[in-house]
Every structure is written in structure tokens, then in C-alpha cells.
Amino acid sequence: MEDSVDRIVAQWARARPDVDVTPMGVLGRLSRLTRLFERELQGVFSQHGLQSGEFDILATLRRTDVEGHGLTAGQLADSAMVTSGAITNRLDRLLAKGLITRETDPLSRRTIRVALTQRGREVIDAALQDHVANEERLLSTMTPSQRGQLEKLLRSLLHDRENQA
């Protein structure tokens, strides 16, 4: 079973036999799969009128704001792992769609809290169901054991990179 990355690695092996290009096999596949999966994930988000970054914000609010008091933009940025500028743009779009509220924190007038509206909660709950089903479909060619192995390997790699940052 050969894929597009195998062909690229073989071409490099012929063109530059003095360079070990085997890391391209792993990273090239991760890169290509990321692009392919992002397209397929976006298809589901679009069905719910969302962009992937908007889904991320709504999902962050849904899973972390269990008491319904809202989160600050800083807390959202930390949980969503994006810059505060990206958060602001996403929040503006979600506010315009009526999916979130932005209100001044009664305990600190300089702090703005962001929370889901009832409509926002309904949208993220429906989108999450479809998103998880889509992810299951994308991984359906792998056995549970293969998924577990891949997850363990990726966790190790991610943990290493995150701790070097």
C-alpha cells in the first residue's frame, strides 16, 4: 500500500541518497492528514453555520463554563490555544449570530465575561453530536487497538513538543 508521501520520500532518496529523509514520512503524513481532515471537519461545522474557530469557542464555553457564569477572553484564549486577537474576531462573529453574550463582570468592571446563549447551547450541542460522528467516520478504517496505539504515540510526541515550548 503506497501513498503520496511514499512517492515523495522515494524521489528524495533518489535525488539525495546522502540525506536521511525518513522523518518526512511521519511529518508529511501528519501534515497531509491534517489538511484533509480539516476540510472534512469544516463540512460538518458549516452545516451548523459555524467556522472551525467558532466551533472551538462554543465548545470551550460548553465544556468549561459548567456553572454558567461565563469565561473571560483570556480564559477562552488559554483553553482554545489561540491569540486574544483571534478570540476577539471569533467572539464578534458569535455575538452577531446570537450564540454568545458579552457582559461586564459585576465583581470587576474591567473584566468582560462571555457565556453561551440558549441558542448557542443548542447549536453547540447539535454540532458536537455531528462532529463526533464525523470523527468516528474519519477513523473508521482503524481498529480500536490501532487507534489506541496511534493516540499513545501522538500523545508522547505532543507532550514532548509542548514541554519544549
# chains A, B, ... in the order shown; residues from 1 in each chain; ligands from 1
call {"tool": "residues_around", "arguments": {"residues": "region 69-84 of chain A", "least_positions_apart": "6", "cutoff": "6 Å", "atoms": "only C-alpha atoms", "output": "list of chain:residue names"}}
result
A:Ile112, A:Arg113, A:Val114, A:Ala115
call {"tool": "closest_residue", "arguments": {"among": "A:Ala15, A:Val66, A:Ala126, A:Val5", "to": "Leu27 (chain A)", "atoms": "only C-alpha atoms"}}
result
A:Val5
call {"tool": "atom_distance", "arguments": {"atom1": "CA of Thr60 (chain A)", "atom2": "CA of Thr117 (chain A)"}}
result
13.8 Å
call {"tool": "atom_distance", "arguments": {"atom1": "CA of Gly53 (chain A)", "atom2": "CA of Arg29 (chain A)"}}
result
23.4 Å
call {"tool": "residues_around", "arguments": {"residues": "region 135-151 of chain A", "least_positions_apart": "3", "cutoff": "9 Å", "atoms": "only C-alpha atoms", "output": "list in words"}}
result
Phe37, Glu40, Leu41, Asp130, His131, Val132, Leu154, Arg155 and Ser156 of chain A
call {"tool": "atom_distance", "arguments": {"atom1": "CA of Phe55 (chain A)", "atom2": "CA of Gln164 (chain A)"}}
result
28.2 Å
call {"tool": "select_by_dssp", "arguments": {"residues": "region 46-125 of chain A", "states": "strand (DSSP E or B)", "output": "list in words"}}
result
Leu71, Thr72, Ile100, Thr101, Arg102, Glu103, Thr104, Asp105, Ser108, Arg109, Arg110, Thr111, Ile112, Arg113, Val114, Ala115 and Leu116 of chain A
call {"tool": "closest_residue", "arguments": {"among": "A:Leu91, A:Arg14, A:Asp56, A:Arg121", "to": "Gln42 (chain A)", "atoms": "only C-alpha atoms"}}
result
A:Asp56
call {"tool": "closest_residue", "arguments": {"among": "A:Leu36, A:Met24, A:Ala127, A:Leu50", "to": "Lys97 (chain A)", "atoms": "only C-alpha atoms"}}
result
A:Leu50
call {"tool": "closest_residue", "arguments": {"among": "A:Met1, A:Ile124, A:Val26, A:Leu157", "to": "Leu61 (chain A)", "atoms": "only C-alpha atoms"}}
result
A:Ile124
call {"tool": "closest_residue", "arguments": {"among": "A:Arg90, A:Arg109, A:Arg102, A:Arg7", "to": "Gly25 (chain A)", "atoms": "only C-alpha atoms"}}
result
A:Arg7
call {"tool": "select_by_dssp", "arguments": {"residues": "chain A", "states": "helix (DSSP H, G or I)", "output": "ChimeraX atom specification"}}
result
/A:4-15,22-47,52-64,73-80,84-96,118-138,144-164
call {"tool": "closest_residue", "arguments": {"among": "A:Ser4, A:Asp160, A:Glu54, A:Ala13", "to": "Leu33 (chain A)", "atoms": "only C-alpha atoms"}}
result
A:Ser4
